[in-house]
Amino acid sequence: AHLAPQSDGWWHGVTGAPSPTLITLALVAAVSVWLLGSVVSVKPFLWMGAGVLPFVPATLGVAPALLIFSGYSACLLFAVLVAFTSRDLVPRLSRLEPGSAFVISFAFFLFVGRFLPGPAGPQGDEPHYLLIAESLLRDGDVDLKNQFEDQAYLKFTSAAVEPHTAPRSPKDRLYAIHAPGLSALVAPGYALSGYRGARAMVSVVMAAVVSLLFFVSRSLFGAGPAQFVFLLATFASPLPIYANSVFPDSVATLPVALTLAFLVSGRPALLGLASASIAALPWLHPRFLPLAGLLSLSMSARGGFDGRRIMATFGPLSLSLGLLLLHFNSLFGSASLSAAYGPGFSSDVSVTRIPWGAAALLLDRQFGLLLFAPVLLLGLPGITRAWRQDRAVAALLASVFVGTLMIGGAFSMWWGGASAPARFLIAAVPALLVICGACWEDPQGPPGRRGGLSAASGFGMGLLWLACLAPRALHNRADGESGLLRLLSPVLDADRFFPGFVLGDGAILMAGLWGLALTTAMLRPRVGLWLAVAPFTFGAWGAPSPVLNPFASSLRALESWTDHRRTLGGEDSDLAFMLEIPLGGAPWDLTPGLRRYSPRFSLPEGAWTMQVDSQTPLTPDATNVARVALVGDAETSPPFTALTIRAGEGLGTAEFNLNRGERRVHVRGEGLQATTRVISVRLRRQNQAP
């Protein structure tokens with residue numbers, strides 16, 4: 001269903017036809033609901049009738065907000081309804097054991113790895129951890145000089161990787177700023193099967209975490225909550241995504257889970273495993289040292305301080321920390337945890353950033369838990385039941401969450417770089433999952449809490465499904481736009497309804513509204529659901545721009561412009577669409593040597609005309625004052641088309657052909673000889689001869 005502006009009026013109608021795959025999936029979904037109806041009430045699935053609402057703007061040309069239900073949002077709604085209606089079936093599932101929980105979760109994590117991270121391959125810091133593993137296996141050291149000279153990164157990515165060189169690296173060496181602990185862990189898998197093998201090693205660790213959390217939850221709260229924790233951790237939490245990511249935060253979940261398992265069982269074997277994993281934490285990243293100290297302290301204090309237990313916990317950690325300092329001293333000539341980062345580390349981390357960064361890790365539309373794993377926030381009231389059950393465990397659960405949140409929020413780059421959302425909070429996910437298990441079956445909890453947790457779990461399950469279909473949806477850029485919201489509503493400005501802390505525009509007020517709604521939902525789920533209307537109302541009426549994105553809606557209509565369309569309003573010709581490209585802060589004032597870029601967008605194949613409207617003041621001895629080009633991701637590749645703006649010319653055009661659709665193009669403006677103002681850049685389809 002479409003509603004899009006044309007050069008004269010609006011076009012609205014429908015395009016395309018259901019594919020055999022879509023028809024099959026719809027029938028499978030219908031049969032699944034029918035079977036589910038034999039054991040529980042499936043009346044909530046009446047909400048799937050919202051799928052017909054996009055036909056209102058398609059037929060009448062009004063109410064563009066209803067287009068939200070015309071795409072992947074319906075899939076997400078279906079997942080929410082499945083989890084909500086199945087909530088009472090969780091206690092009736094076959095009883096699991098920790099071993100079977102490990103096998104199922106590991107198999108599922110490997111299955112998810114067939115789709116993630118997608119064609120983009122390793123992101124952010126991942127290539128550098130893989131190169132360190134390569135160097136450890138090939139050279140027995142962490143000097144990456146020959147790895148970059150040989151372009152060893154081409155084994156797992158086609159992108160050009162720039163070294164993350166530590167400032168204090170000697171001139172004849174190339175040491176990365178990253179600690180080698182994670183690389184050493186994934187090295188066996190990397191030796192066997194490259195990037196896939198490295199991810200499999202991380203999946204083994206994460207599956208062990210799921211098994212341990214099942215054991216902890218069953219020991220504290222019984223079989224029902226343990227089943228819920230297993231299902232949530234395996235199928236609806238961030239763990240499957242980070243089980244296929246080579247980041248230290250993924251592996252940092254294991255010491256937390258082992259410490260919790262020791263606290264509920266007291267087994268000496270778990271004490272040894274937990275102590276060893278805690279000792280390895282600083283080798284993953286120095287920012288995990290406070291977490292290591294907290295976990296060691298909790299085990300030492302269990303049942304009263306004991307000298308042998310203190311030595312068993314703090315001894316390995318102290319030895320490991322000393323060896324890490326010696327390692328840094330041998331590489332950088334400084335026995336400091338920040339030696340690899342140099343003097344810039346002190347400015348990168350500050351306690352004054354904690355309020356902003358912590359709020360962002362919870363609520364930001366791109367990188368926060370609000371849209372990534374809302375169930376982990378809604379389950380926080382479970383800490384009260386955990387406190388009634390075991391105060392020492394509850395204190396550790398709360399401390400791990402709060403401590404990890406504060407440490408992550410203290411970093412200037414609290415989002416964690418090019419990774420899935422909430423990376424700096426992943427180490428606290430085991431604690432949050434156990435808290436959710438306590439909240440799931442709390443006899444003193446308010447009515448509706450289990451339904452809210454189930455619906456939020458369904459959201460997580462649907463989000464994982466969408467991530468497998470479109471992996472880029474979870475790899476955000478620091479441009480303020482949510483990839484997930486862009487996937488759910490490609491033609492609507494859904495960012496306005498959620499706080500954005502990257503750019504900070506209006507984040508505080510919107511975060512306050514969402515914080516109030518979430519807090520109320522934790523205590524009174526049904527009231528909190530109604531309060532969630534407030535941020536949507538504020539976003540709808542408080543933003544200066546229209547909710548329908550004219551560029552995205554026109555582009556989406558053109559991308560699906562086929563002979564199967566039905567026009568219900570407007571001119572039935574693709575030539576009637578004028579695409580005005582969002583310049584990202586238009587107009588552009590270009591001075592000599594300055595370059596500006598528009599946001600990236602897709603462009604279907606065909607013959608096109610690019611029209612550039614500009615203004616140039618009278619400048620002596622200036623002829624070619626600026627250049628505007630349509631380019632791809634690679635700067636070295638020639639542009640698809642380029643238009644040189646000459647002095648005295650206000651409007652220029654350039655024609656070009658695309659033999660196939662391009663998914664990642666953007667407009668580049670470059671000043672040459674004088675100051676030029678680019679007012680607009682438009683694209684129009686050309687009439688092609690049959």
# chains A, B, ... in the order shown; residues from 1 in each chain; ligands from 1

call {"tool": "select_by_dssp", "arguments": {"residues": "stretch 556-626 of chain A", "states": "strand (DSSP E or B)", "output": "PyMOL selection string"}}
result
chain A and resi 566-569+578-580+588-590+592+595-597+601-603+606-615+624-626

call {"tool": "write_last_selection", "arguments": {"atoms": "N, CA and C atoms", "output": "CSV table (one decimal), in the first residue's frame"}}
result
chain,number,residue,atom,x,y,z
A,566,ARG,N,-2.2,-1.2,-8.8
A,566,ARG,CA,-3.6,-0.6,-9.0
A,566,ARG,C,-3.6,0.8,-8.5
A,567,THR,N,-3.8,1.7,-9.4
A,567,THR,CA,-3.8,3.1,-9.1
A,567,THR,C,-5.2,3.6,-8.6
A,568,LEU,N,-5.3,4.2,-7.4
A,568,LEU,CA,-6.5,4.7,-6.9
A,568,LEU,C,-6.6,6.2,-6.8
A,569,GLY,N,-5.5,6.8,-7.2
A,569,GLY,CA,-5.5,8.3,-7.1
A,569,GLY,C,-4.1,8.8,-7.6
A,578,MET,N,8.8,13.1,-8.5
A,578,MET,CA,10.0,13.9,-8.4
A,578,MET,C,10.6,13.6,-7.0
A,579,LEU,N,11.8,13.0,-7.0
A,579,LEU,CA,12.5,12.6,-5.8
A,579,LEU,C,13.4,13.7,-5.3
A,580,GLU,N,13.0,14.4,-4.3
A,580,GLU,CA,13.9,15.4,-3.7
A,580,GLU,C,14.8,14.8,-2.6
A,588,TRP,N,23.1,23.2,1.3
A,588,TRP,CA,24.6,23.0,1.4
A,588,TRP,C,25.3,24.3,1.0
A,589,ASP,N,26.1,24.8,1.9
A,589,ASP,CA,27.0,25.9,1.5
A,589,ASP,C,28.4,25.3,1.3
A,590,LEU,N,28.8,25.2,0.0
A,590,LEU,CA,30.1,24.5,-0.4
A,590,LEU,C,31.1,25.6,-0.6
A,592,PRO,N,35.5,26.0,-1.4
A,592,PRO,CA,36.6,25.3,-2.0
A,592,PRO,C,37.2,24.2,-1.1
A,595,ARG,N,33.6,19.0,1.3
A,595,ARG,CA,32.7,18.0,0.8
A,595,ARG,C,31.6,17.7,1.7
A,596,ARG,N,30.4,17.5,1.2
A,596,ARG,CA,29.2,17.2,2.0
A,596,ARG,C,28.5,16.0,1.3
A,597,TYR,N,27.9,15.2,2.2
A,597,TYR,CA,27.2,14.0,1.7
A,597,TYR,C,25.8,13.9,2.2
A,601,PHE,N,20.8,6.0,0.3
A,601,PHE,CA,19.5,5.5,-0.1
A,601,PHE,C,19.6,4.5,-1.3
A,602,SER,N,18.6,3.8,-1.6
A,602,SER,CA,18.6,2.9,-2.7
A,602,SER,C,18.0,3.6,-3.9
A,603,LEU,N,18.3,3.0,-5.1
A,603,LEU,CA,17.8,3.6,-6.3
A,603,LEU,C,17.5,2.5,-7.3
A,606,GLY,N,17.2,2.0,-14.3
A,606,GLY,CA,16.4,2.7,-15.3
A,606,GLY,C,17.2,4.0,-15.7
A,607,ALA,N,16.6,4.8,-16.5
A,607,ALA,CA,17.1,6.0,-17.0
A,607,ALA,C,16.7,7.2,-16.1
A,608,TRP,N,17.6,8.0,-15.6
A,608,TRP,CA,17.3,9.0,-14.7
A,608,TRP,C,17.8,10.4,-15.1
A,609,THR,N,17.2,11.4,-14.6
A,609,THR,CA,17.8,12.8,-14.7
A,609,THR,C,18.0,13.4,-13.3
A,610,MET,N,19.2,13.9,-13.1
A,610,MET,CA,19.5,14.6,-11.8
A,610,MET,C,19.4,16.1,-12.1
A,611,GLN,N,18.7,16.8,-11.2
A,611,GLN,CA,18.5,18.2,-11.4
A,611,GLN,C,19.0,18.9,-10.1
A,612,VAL,N,19.9,19.8,-10.2
A,612,VAL,CA,20.5,20.5,-9.1
A,612,VAL,C,20.2,22.0,-9.2
A,613,ASP,N,19.6,22.5,-8.1
A,613,ASP,CA,19.3,23.9,-8.0
A,613,ASP,C,20.3,24.6,-7.1
A,614,SER,N,21.0,25.7,-7.5
A,614,SER,CA,22.0,26.2,-6.7
A,614,SER,C,22.1,27.8,-6.9
A,615,GLN,N,22.8,28.4,-6.0
A,615,GLN,CA,23.0,29.8,-6.0
A,615,GLN,C,24.5,30.1,-5.8
A,624,ASN,N,34.3,27.0,-12.8
A,624,ASN,CA,33.6,25.7,-12.3
A,624,ASN,C,33.7,25.9,-10.7
A,625,VAL,N,32.5,26.2,-10.2
A,625,VAL,CA,32.5,26.6,-8.8
A,625,VAL,C,32.2,25.5,-7.8
A,626,ALA,N,31.6,24.4,-8.3
A,626,ALA,CA,31.3,23.3,-7.4
A,626,ALA,C,30.9,22.1,-8.3

call {"tool": "select_by_dssp", "arguments": {"residues": "stretch 487-625 of chain A", "states": "alpha helix (DSSP H)", "output": "VMD selection string"}}
result
chain A and resid 487 to 488 507 to 523 525 to 531 533 to 542 550 to 559

call {"tool": "closest_residue", "arguments": {"among": "A:Thr675, A:Leu370, A:Leu630, A:Pro638", "to": "A:Thr616", "atoms": "only C-alpha atoms"}}
result
A:Thr675

call {"tool": "residues_around", "arguments": {"residues": "stretch 333-337 of chain A", "least_positions_apart": "6", "cutoff": "12 Å", "atoms": "only C-alpha atoms", "output": "JSON, numbers by chain"}}
result
{"A": [167, 168, 169, 170, 177, 178, 179, 282, 283, 284, 285, 286, 287, 288, 289, 321, 322, 323, 324, 325, 326, 327, 343, 345, 346]}

call {"tool": "write_last_selection", "arguments": {"atoms": "C-alpha atoms", "output": "PDB file, in the first residue's frame"}}
result
ATOM      1  CA  PRO A 167      49.421   5.343  20.269  1.00  0.00           C
ATOM      2  CA  ARG A 168      52.441   3.960  22.133  1.00  0.00           C
ATOM      3  CA  SER A 169      53.289   1.261  19.585  1.00  0.00           C
ATOM      4  CA  PRO A 170      56.997   1.258  18.630  1.00  0.00           C
ATOM      5  CA  ILE A 177      44.519  -1.050  21.278  1.00  0.00           C
ATOM      6  CA  HIS A 178      42.565  -4.260  21.958  1.00  0.00           C
ATOM      7  CA  ALA A 179      43.507  -6.734  24.676  1.00  0.00           C
ATOM      8  CA  PRO A 282      40.744  -7.937  32.416  1.00  0.00           C
ATOM      9  CA  TRP A 283      42.341  -9.692  29.441  1.00  0.00           C
ATOM     10  CA  LEU A 284      39.088  -9.214  27.527  1.00  0.00           C
ATOM     11  CA  HIS A 285      39.024  -5.466  28.208  1.00  0.00           C
ATOM     12  CA  PRO A 286      40.325  -3.382  31.126  1.00  0.00           C
ATOM     13  CA  ARG A 287      36.833  -1.931  31.699  1.00  0.00           C
ATOM     14  CA  PHE A 288      35.778  -5.340  33.020  1.00  0.00           C
ATOM     15  CA  LEU A 289      38.103  -5.055  36.026  1.00  0.00           C
ATOM     16  CA  LEU A 321      46.096  -8.581  36.585  1.00  0.00           C
ATOM     17  CA  GLY A 322      49.806  -8.569  37.309  1.00  0.00           C
ATOM     18  CA  LEU A 323      50.552 -10.564  34.161  1.00  0.00           C
ATOM     19  CA  LEU A 324      48.392  -8.179  32.115  1.00  0.00           C
ATOM     20  CA  LEU A 325      50.326  -5.173  33.444  1.00  0.00           C
ATOM     21  CA  LEU A 326      53.605  -6.906  32.580  1.00  0.00           C
ATOM     22  CA  HIS A 327      52.230  -7.584  29.102  1.00  0.00           C
ATOM     23  CA  PRO A 343      46.703   9.772  27.227  1.00  0.00           C
ATOM     24  CA  PHE A 345      41.812   7.363  27.671  1.00  0.00           C
ATOM     25  CA  SER A 346      41.245   9.810  30.533  1.00  0.00           C
TER      26      SER A 346
END

call {"tool": "residues_around", "arguments": {"residues": "A:Val502", "least_positions_apart": "2", "cutoff": "6 Å", "atoms": "only C-alpha atoms", "output": "ChimeraX atom specification"}}
result
/A:480,500,504

call {"tool": "write_last_selection", "arguments": {"atoms": "all heavy atoms", "output": "PDB file, in the first residue's frame"}}
result
ATOM      1  N   GLY A 480      21.840   9.209  14.144  1.00  0.00           N
ATOM      2  CA  GLY A 480      20.587   9.528  14.811  1.00  0.00           C
ATOM      3  C   GLY A 480      19.391   8.754  14.315  1.00  0.00           C
ATOM      4  O   GLY A 480      18.331   8.796  14.932  1.00  0.00           O
ATOM      5  N   GLY A 500      16.466  10.063  21.027  1.00  0.00           N
ATOM      6  CA  GLY A 500      17.737   9.839  20.352  1.00  0.00           C
ATOM      7  C   GLY A 500      18.850  10.577  21.071  1.00  0.00           C
ATOM      8  O   GLY A 500      18.898  11.803  21.054  1.00  0.00           O
ATOM      9  N   GLY A 504      21.025  14.021  20.377  1.00  0.00           N
ATOM     10  CA  GLY A 504      20.537  14.712  21.567  1.00  0.00           C
ATOM     11  C   GLY A 504      19.384  15.652  21.355  1.00  0.00           C
ATOM     12  O   GLY A 504      18.969  16.331  22.291  1.00  0.00           O
TER      13      GLY A 504
END

call {"tool": "closest_residue", "arguments": {"among": "A:Met299, A:Ala187, A:Ala359, A:Leu331", "to": "A:Arg267", "atoms": "only C-alpha atoms"}}
result
A:Met299
